[in-house]
Amino acid sequence: MPYHHLEPKEDPTVLSFNETEFTAQTESLIALRPRIEELADRLVDEGYDTLLLVGAGGTYAQMWPYEHLARRTSRLTVRSAIAAELVVSGDALLGERTAAVFTSVSGTTEDSLRAIEHCASRGALTIGFTGLPDSPVAQRVDVALVSAPKAWPFDVQLLLILGRVLSRRGEFADYDRLADELAVLPKVLVDVARQAEPVAAAFAEAHKDTDYHFLIGGGNLWGFTYLYSMCILEEMQWLRTTRVHSAEFFHGSLELLEEDTSVIVFQGEDETRPLTDRAEAFAKRISRDVSVFDTRDYPLDGISPEFRGLLSPLVLDTVMDRVSKHLERVRDHSLDLRRYYRVMDY
């Protein structure tokens with residue numbers, strides 16, 4: 001198969017996509033802005049000096065772009081943590097000036113529930129983003145911010161809470177303008193889904209019998225690279241994968257490439273783009289099957305150029321959701337099918 005750069009094109013038909021539900025879910029995230037900003041102001045005003053972003057699996061990986069943003073722009077301590085590891089290993093920063101942030105679609109993730117109790121026992125303020133107000137997560141955190149059911153991903157909420165905190169600290173001058181522009185996201189992301197549809201269909205048809213994929217991503221898309229590899233291709237499609245950060249690609253994993261290896265490159269718009277460019281260029285020298293999903297291909301009307309990089313995880317999530325739905329179709333393998341996860345005791 002020749003190398004192909006995946007250019008999006010308009011297509012009015014979108015597989016397994018409920019535009020009304022998707023729009024309502026995205027609007028519900030944006031509608032949380034006043035409450036999120038009020039909470040962020042409280043964190044600043046009351047002297048919280050640490051944000052601990054706690055998740056499990058996909059929700060853990062989804063924290064990484066915001067740890068990455070804080071590390072680049074702020075002296076505030078912000079770090080992500082694996083819920084189960086946090087409980088057994090602890091964290092020296094946990095205390096009364098720590099705010100621990102949790103996300104859960106179902107609000108029932110056992111690892112997160114135990115981590116909430118652990119953080120609370122150390123005096124931390126616990127914050128939960130979920131779609132179900134009566135769920136265990138929503139009931140056990142100190143502050144629950146509830147969106148529409150099944151709303152995913154959590155990037156809007158995480159960007160708003162961290163952005164507002166950094167703004168109040170004088171470390172994000174354009175936060176208000178960014179937050180205002182998020183109002184166009186429902187339409188923008190629907191447009192992205194439509195544009196990505198033929199690309200997704202073509203990828204799935206070409207790879208319906210591919211049982212191994214090599215994924216590359218970096219910067220604020222590294223979390224999504226990890227998430228898509230583990231939570232979608234492995235968990236939901238039972239496919240074998242390798243995932244590697246573009247900055248680490250040349251330190252071992254490149255040796256796995258062969259001429260027929262399916263390489264999936266996730267390309268964003270932050271300052272790490274040249275690192276992914278470098279990995280992509282090498283991959284194309286070896287493999288005849290390199291697929292590039294580049295957020296720069298999508299117009300994002302109403303979003304200022306300087307904010308596009310921050311929204312790359314959201315854009316890519318929308319694009320790859322199309323790919324997932326088409327893989328489900330061509331492989332006749334439901335995205336809801338599991339053998340072990342929440343099926344067996346462990």
# chains A, B, ... in the order shown; residues from 1 in each chain; ligands from 1
call {"tool": "select_by_dssp", "arguments": {"residues": "range 129-334 of chain A", "states": "helix (DSSP H, G or I)", "output": "count of residues only"}}
result
117
call {"tool": "residues_around", "arguments": {"residues": "range 82-89 of chain A", "least_positions_apart": "5", "cutoff": "12 Å", "atoms": "only C-alpha atoms", "output": "PyMOL selection string"}}
result
chain A and resi 52-64+94+100-104+109-122
call {"tool": "atom_distance", "arguments": {"atom1": "CA of Ala279 in chain A", "atom2": "CA of Phe250 in chain A"}}
result
7.7 Å
call {"tool": "residues_around", "arguments": {"residues": "His68 in chain A", "least_positions_apart": "3", "cutoff": "12 Å", "atoms": "only C-alpha atoms", "output": "list in words"}}
result
Leu53, Ala61, Gln62, Met63, Trp64, Pro65, Arg71, Arg72, Thr73, Ser74, Leu76, Thr77, Val78, Arg79, Ser80, Leu159, Leu162, Gly218, Gly219, Asn220, Leu221, Trp222, Gly223, Asp270, Glu271, Thr272 and Leu310 of chain A
call {"tool": "write_last_selection", "arguments": {"atoms": "N, CA and C atoms", "output": "PDB file, in the first residue's frame"}}
result
ATOM      1  N   LEU A  53      -3.892  15.541  38.777  1.00  0.00           N
ATOM      2  CA  LEU A  53      -4.851  15.102  37.772  1.00  0.00           C
ATOM      3  C   LEU A  53      -4.848  13.574  37.768  1.00  0.00           C
ATOM      4  N   ALA A  61      -4.592   9.061  30.606  1.00  0.00           N
ATOM      5  CA  ALA A  61      -3.912   9.588  29.426  1.00  0.00           C
ATOM      6  C   ALA A  61      -4.462  10.943  29.018  1.00  0.00           C
ATOM      7  N   GLN A  62      -5.740  11.152  29.251  1.00  0.00           N
ATOM      8  CA  GLN A  62      -6.348  12.416  28.856  1.00  0.00           C
ATOM      9  C   GLN A  62      -5.905  13.581  29.734  1.00  0.00           C
ATOM     10  N   MET A  63      -5.280  13.291  30.846  1.00  0.00           N
ATOM     11  CA  MET A  63      -4.741  14.340  31.708  1.00  0.00           C
ATOM     12  C   MET A  63      -3.421  14.904  31.168  1.00  0.00           C
ATOM     13  N   TRP A  64      -2.705  14.123  30.378  1.00  0.00           N
ATOM     14  CA  TRP A  64      -1.332  14.490  30.009  1.00  0.00           C
ATOM     15  C   TRP A  64      -1.215  15.818  29.262  1.00  0.00           C
ATOM     16  N   PRO A  65      -2.124  16.166  28.342  1.00  0.00           N
ATOM     17  CA  PRO A  65      -1.961  17.459  27.666  1.00  0.00           C
ATOM     18  C   PRO A  65      -1.971  18.642  28.618  1.00  0.00           C
ATOM     19  N   ARG A  71       3.409  22.510  32.566  1.00  0.00           N
ATOM     20  CA  ARG A  71       4.865  22.399  32.655  1.00  0.00           C
ATOM     21  C   ARG A  71       5.556  23.421  31.761  1.00  0.00           C
ATOM     22  N   ARG A  72       4.944  23.718  30.629  1.00  0.00           N
ATOM     23  CA  ARG A  72       5.542  24.662  29.675  1.00  0.00           C
ATOM     24  C   ARG A  72       5.316  26.113  30.058  1.00  0.00           C
ATOM     25  N   THR A  73       4.237  26.395  30.788  1.00  0.00           N
ATOM     26  CA  THR A  73       3.827  27.791  30.940  1.00  0.00           C
ATOM     27  C   THR A  73       3.717  28.284  32.373  1.00  0.00           C
ATOM     28  N   SER A  74       3.815  27.395  33.358  1.00  0.00           N
ATOM     29  CA  SER A  74       3.507  27.806  34.730  1.00  0.00           C
ATOM     30  C   SER A  74       4.501  27.231  35.725  1.00  0.00           C
ATOM     31  N   LEU A  76       3.223  26.616  38.700  1.00  0.00           N
ATOM     32  CA  LEU A  76       2.313  25.846  39.533  1.00  0.00           C
ATOM     33  C   LEU A  76       2.623  24.352  39.384  1.00  0.00           C
ATOM     34  N   THR A  77       2.555  23.625  40.472  1.00  0.00           N
ATOM     35  CA  THR A  77       2.775  22.180  40.418  1.00  0.00           C
ATOM     36  C   THR A  77       1.515  21.501  39.888  1.00  0.00           C
ATOM     37  N   VAL A  78       1.628  20.929  38.714  1.00  0.00           N
ATOM     38  CA  VAL A  78       0.522  20.183  38.102  1.00  0.00           C
ATOM     39  C   VAL A  78       1.094  18.872  37.598  1.00  0.00           C
ATOM     40  N   ARG A  79       0.548  17.759  38.078  1.00  0.00           N
ATOM     41  CA  ARG A  79       1.030  16.493  37.555  1.00  0.00           C
ATOM     42  C   ARG A  79      -0.091  15.467  37.522  1.00  0.00           C
ATOM     43  N   SER A  80       0.035  14.547  36.578  1.00  0.00           N
ATOM     44  CA  SER A  80      -0.948  13.487  36.433  1.00  0.00           C
ATOM     45  C   SER A  80      -0.540  12.285  37.265  1.00  0.00           C
ATOM     46  N   LEU A 159      -9.253  21.998  30.167  1.00  0.00           N
ATOM     47  CA  LEU A 159      -8.680  23.226  29.624  1.00  0.00           C
ATOM     48  C   LEU A 159      -9.232  24.450  30.337  1.00  0.00           C
ATOM     49  N   LEU A 162      -7.780  24.514  34.190  1.00  0.00           N
ATOM     50  CA  LEU A 162      -6.362  24.861  34.233  1.00  0.00           C
ATOM     51  C   LEU A 162      -6.134  26.236  33.627  1.00  0.00           C
ATOM     52  N   GLY A 218       3.220  12.951  19.735  1.00  0.00           N
ATOM     53  CA  GLY A 218       4.034  13.680  20.698  1.00  0.00           C
ATOM     54  C   GLY A 218       3.331  14.911  21.216  1.00  0.00           C
ATOM     55  N   GLY A 219       4.024  15.656  22.071  1.00  0.00           N
ATOM     56  CA  GLY A 219       3.453  16.881  22.620  1.00  0.00           C
ATOM     57  C   GLY A 219       2.133  16.616  23.308  1.00  0.00           C
ATOM     58  N   ASN A 220       1.153  17.496  23.050  1.00  0.00           N
ATOM     59  CA  ASN A 220      -0.128  17.295  23.724  1.00  0.00           C
ATOM     60  C   ASN A 220      -1.003  16.251  23.041  1.00  0.00           C
ATOM     61  N   LEU A 221      -0.454  15.559  22.036  1.00  0.00           N
ATOM     62  CA  LEU A 221      -1.160  14.418  21.452  1.00  0.00           C
ATOM     63  C   LEU A 221      -0.581  13.079  21.908  1.00  0.00           C
ATOM     64  N   TRP A 222       0.443  13.103  22.731  1.00  0.00           N
ATOM     65  CA  TRP A 222       0.990  11.845  23.220  1.00  0.00           C
ATOM     66  C   TRP A 222      -0.047  11.097  24.062  1.00  0.00           C
ATOM     67  N   GLY A 223      -0.784  11.815  24.887  1.00  0.00           N
ATOM     68  CA  GLY A 223      -1.819  11.180  25.695  1.00  0.00           C
ATOM     69  C   GLY A 223      -2.855  10.490  24.828  1.00  0.00           C
ATOM     70  N   ASP A 270       1.327  21.970  18.121  1.00  0.00           N
ATOM     71  CA  ASP A 270       2.090  22.663  19.152  1.00  0.00           C
ATOM     72  C   ASP A 270       3.571  22.684  18.759  1.00  0.00           C
ATOM     73  N   GLU A 271       4.415  23.106  19.675  1.00  0.00           N
ATOM     74  CA  GLU A 271       5.828  23.312  19.352  1.00  0.00           C
ATOM     75  C   GLU A 271       6.583  22.005  19.127  1.00  0.00           C
ATOM     76  N   THR A 272       5.959  20.878  19.460  1.00  0.00           N
ATOM     77  CA  THR A 272       6.629  19.591  19.268  1.00  0.00           C
ATOM     78  C   THR A 272       6.401  19.012  17.868  1.00  0.00           C
ATOM     79  N   LEU A 310      -3.847  23.964  21.206  1.00  0.00           N
ATOM     80  CA  LEU A 310      -4.453  23.555  22.466  1.00  0.00           C
ATOM     81  C   LEU A 310      -5.647  22.641  22.252  1.00  0.00           C
TER      82      LEU A 310
END
call {"tool": "residues_around", "arguments": {"residues": "Arg42 in chain A", "least_positions_apart": "3", "cutoff": "12 Å", "atoms": "only C-alpha atoms", "output": "ChimeraX atom specification"}}
result
/A:35-39,45-49,97,99,125,143,161,164-165,168
call {"tool": "residues_around", "arguments": {"residues": "range 215-217 of chain A", "least_positions_apart": "3", "cutoff": "8 Å", "atoms": "only C-alpha atoms", "output": "PyMOL selection string"}}
result
chain A and resi 221-222+225+229+241-246+249+263-267+276+279
call {"tool": "residues_around", "arguments": {"residues": "Pro136 in chain A", "least_positions_apart": "3", "cutoff": "9 Å", "atoms": "only C-alpha atoms", "output": "list in words"}}
result
Ser106, Gly107, Thr108, Thr109, Leu113, Leu132, Pro133, Gln139, Arg140 and Val141 of chain A
call {"tool": "residues_around", "arguments": {"residues": "Arg331 in chain A", "least_positions_apart": "3", "cutoff": "12 Å", "atoms": "only C-alpha atoms", "output": "ChimeraX atom specification"}}
result
/A:204-211,233,236-239,323-328,334-335
call {"tool": "write_last_selection", "arguments": {"atoms": "N, CA, C and O atoms", "output": "JSON list (two decimals), in the first residue's frame"}}
result
[["chain", "number", "residue", "atom", "x", "y", "z"],
["A", 204, "ALA", "N", -10.26, 2.34, 7.31],
["A", 204, "ALA", "CA", -10.80, 1.09, 7.82],
["A", 204, "ALA", "C", -10.86, 0.02, 6.73],
["A", 204, "ALA", "O", -10.51, -1.14, 6.97],
["A", 205, "GLU", "N", -11.28, 0.38, 5.54],
["A", 205, "GLU", "CA", -11.35, -0.59, 4.45],
["A", 205, "GLU", "C", -9.95, -1.13, 4.14],
["A", 205, "GLU", "O", -9.78, -2.32, 3.89],
["A", 206, "ALA", "N", -8.97, -0.26, 4.15],
["A", 206, "ALA", "CA", -7.60, -0.67, 3.82],
["A", 206, "ALA", "C", -6.98, -1.53, 4.92],
["A", 206, "ALA", "O", -6.05, -2.29, 4.66],
["A", 207, "HIS", "N", -7.51, -1.42, 6.15],
["A", 207, "HIS", "CA", -6.87, -2.09, 7.28],
["A", 207, "HIS", "C", -7.80, -3.06, 8.00],
["A", 207, "HIS", "O", -7.55, -3.41, 9.16],
["A", 208, "LYS", "N", -8.83, -3.52, 7.33],
["A", 208, "LYS", "CA", -9.77, -4.40, 8.01],
["A", 208, "LYS", "C", -9.13, -5.72, 8.44],
["A", 208, "LYS", "O", -9.58, -6.35, 9.41],
["A", 209, "ASP", "N", -8.07, -6.13, 7.76],
["A", 209, "ASP", "CA", -7.40, -7.38, 8.11],
["A", 209, "ASP", "C", -6.04, -7.15, 8.78],
["A", 209, "ASP", "O", -5.30, -8.10, 9.03],
["A", 210, "THR", "N", -5.72, -5.90, 9.08],
["A", 210, "THR", "CA", -4.45, -5.58, 9.75],
["A", 210, "THR", "C", -4.56, -5.91, 11.23],
["A", 210, "THR", "O", -5.48, -5.43, 11.90],
["A", 211, "ASP", "N", -3.65, -6.70, 11.74],
["A", 211, "ASP", "CA", -3.75, -7.10, 13.16],
["A", 211, "ASP", "C", -2.71, -6.43, 14.05],
["A", 211, "ASP", "O", -2.63, -6.74, 15.24],
["A", 233, "LEU", "N", -7.83, 0.44, 20.09],
["A", 233, "LEU", "CA", -7.35, -0.66, 19.25],
["A", 233, "LEU", "C", -7.16, -1.94, 20.05],
["A", 233, "LEU", "O", -7.51, -3.04, 19.58],
["A", 236, "MET", "N", -10.91, -2.32, 22.63],
["A", 236, "MET", "CA", -12.19, -2.37, 21.92],
["A", 236, "MET", "C", -12.15, -3.14, 20.61],
["A", 236, "MET", "O", -13.20, -3.51, 20.08],
["A", 237, "GLN", "N", -10.94, -3.38, 20.08],
["A", 237, "GLN", "CA", -10.83, -4.11, 18.83],
["A", 237, "GLN", "C", -9.90, -5.32, 18.92],
["A", 237, "GLN", "O", -9.76, -6.06, 17.95],
["A", 238, "TRP", "N", -9.27, -5.53, 20.06],
["A", 238, "TRP", "CA", -8.41, -6.69, 20.30],
["A", 238, "TRP", "C", -7.28, -6.78, 19.27],
["A", 238, "TRP", "O", -6.92, -7.87, 18.80],
["A", 239, "LEU", "N", -6.71, -5.64, 18.95],
["A", 239, "LEU", "CA", -5.60, -5.57, 18.00],
["A", 239, "LEU", "C", -4.30, -5.32, 18.74],
["A", 239, "LEU", "O", -4.29, -4.64, 19.78],
["A", 323, "VAL", "N", -12.85, 6.87, 12.68],
["A", 323, "VAL", "CA", -12.07, 5.67, 12.33],
["A", 323, "VAL", "C", -12.56, 4.47, 13.14],
["A", 323, "VAL", "O", -12.75, 3.37, 12.60],
["A", 324, "SER", "N", -12.78, 4.68, 14.43],
["A", 324, "SER", "CA", -13.22, 3.58, 15.30],
["A", 324, "SER", "C", -14.55, 3.00, 14.82],
["A", 324, "SER", "O", -14.73, 1.77, 14.79],
["A", 325, "LYS", "N", -15.48, 3.87, 14.46],
["A", 325, "LYS", "CA", -16.79, 3.39, 14.01],
["A", 325, "LYS", "C", -16.67, 2.60, 12.71],
["A", 325, "LYS", "O", -17.39, 1.61, 12.50],
["A", 326, "HIS", "N", -15.77, 3.00, 11.85],
["A", 326, "HIS", "CA", -15.60, 2.26, 10.60],
["A", 326, "HIS", "C", -14.82, 0.96, 10.81],
["A", 326, "HIS", "O", -15.10, -0.04, 10.13],
["A", 327, "LEU", "N", -13.87, 0.94, 11.74],
["A", 327, "LEU", "CA", -13.22, -0.33, 12.08],
["A", 327, "LEU", "C", -14.25, -1.31, 12.65],
["A", 327, "LEU", "O", -14.22, -2.51, 12.34],
["A", 328, "GLU", "N", -15.11, -0.81, 13.50],
["A", 328, "GLU", "CA", -16.18, -1.64, 14.05],
["A", 328, "GLU", "C", -17.00, -2.26, 12.92],
["A", 328, "GLU", "O", -17.32, -3.46, 12.96],
["A", 334, "SER", "N", -17.84, -5.26, 17.58],
["A", 334, "SER", "CA", -18.44, -4.16, 18.32],
["A", 334, "SER", "C", -17.44, -3.47, 19.24],
["A", 334, "SER", "O", -16.63, -4.13, 19.90],
["A", 335, "LEU", "N", -17.51, -2.16, 19.30],
["A", 335, "LEU", "CA", -16.66, -1.40, 20.21],
["A", 335, "LEU", "C", -17.05, -1.63, 21.67],
["A", 335, "LEU", "O", -16.30, -1.26, 22.58]]
call {"tool": "atom_distance", "arguments": {"atom1": "CA of Asp332 in chain A", "atom2": "CA of Ala283 in chain A"}}
result
29.5 Å
call {"tool": "atom_distance", "arguments": {"atom1": "CA of Val156 in chain A", "atom2": "CA of Leu15 in chain A"}}
result
24.4 Å
call {"tool": "closest_residue", "arguments": {"among": "A:Val188, A:Val315, A:Ala200, A:Leu166", "to": "Asp41 in chain A", "atoms": "only C-alpha atoms"}}
result
A:Leu166
call {"tool": "select_by_dssp", "arguments": {"residues": "range 178-311 of chain A", "states": "strand (DSSP E)", "output": "number ranges by chain"}}
result
A: 212-217, 240-245, 262-267, 289-294
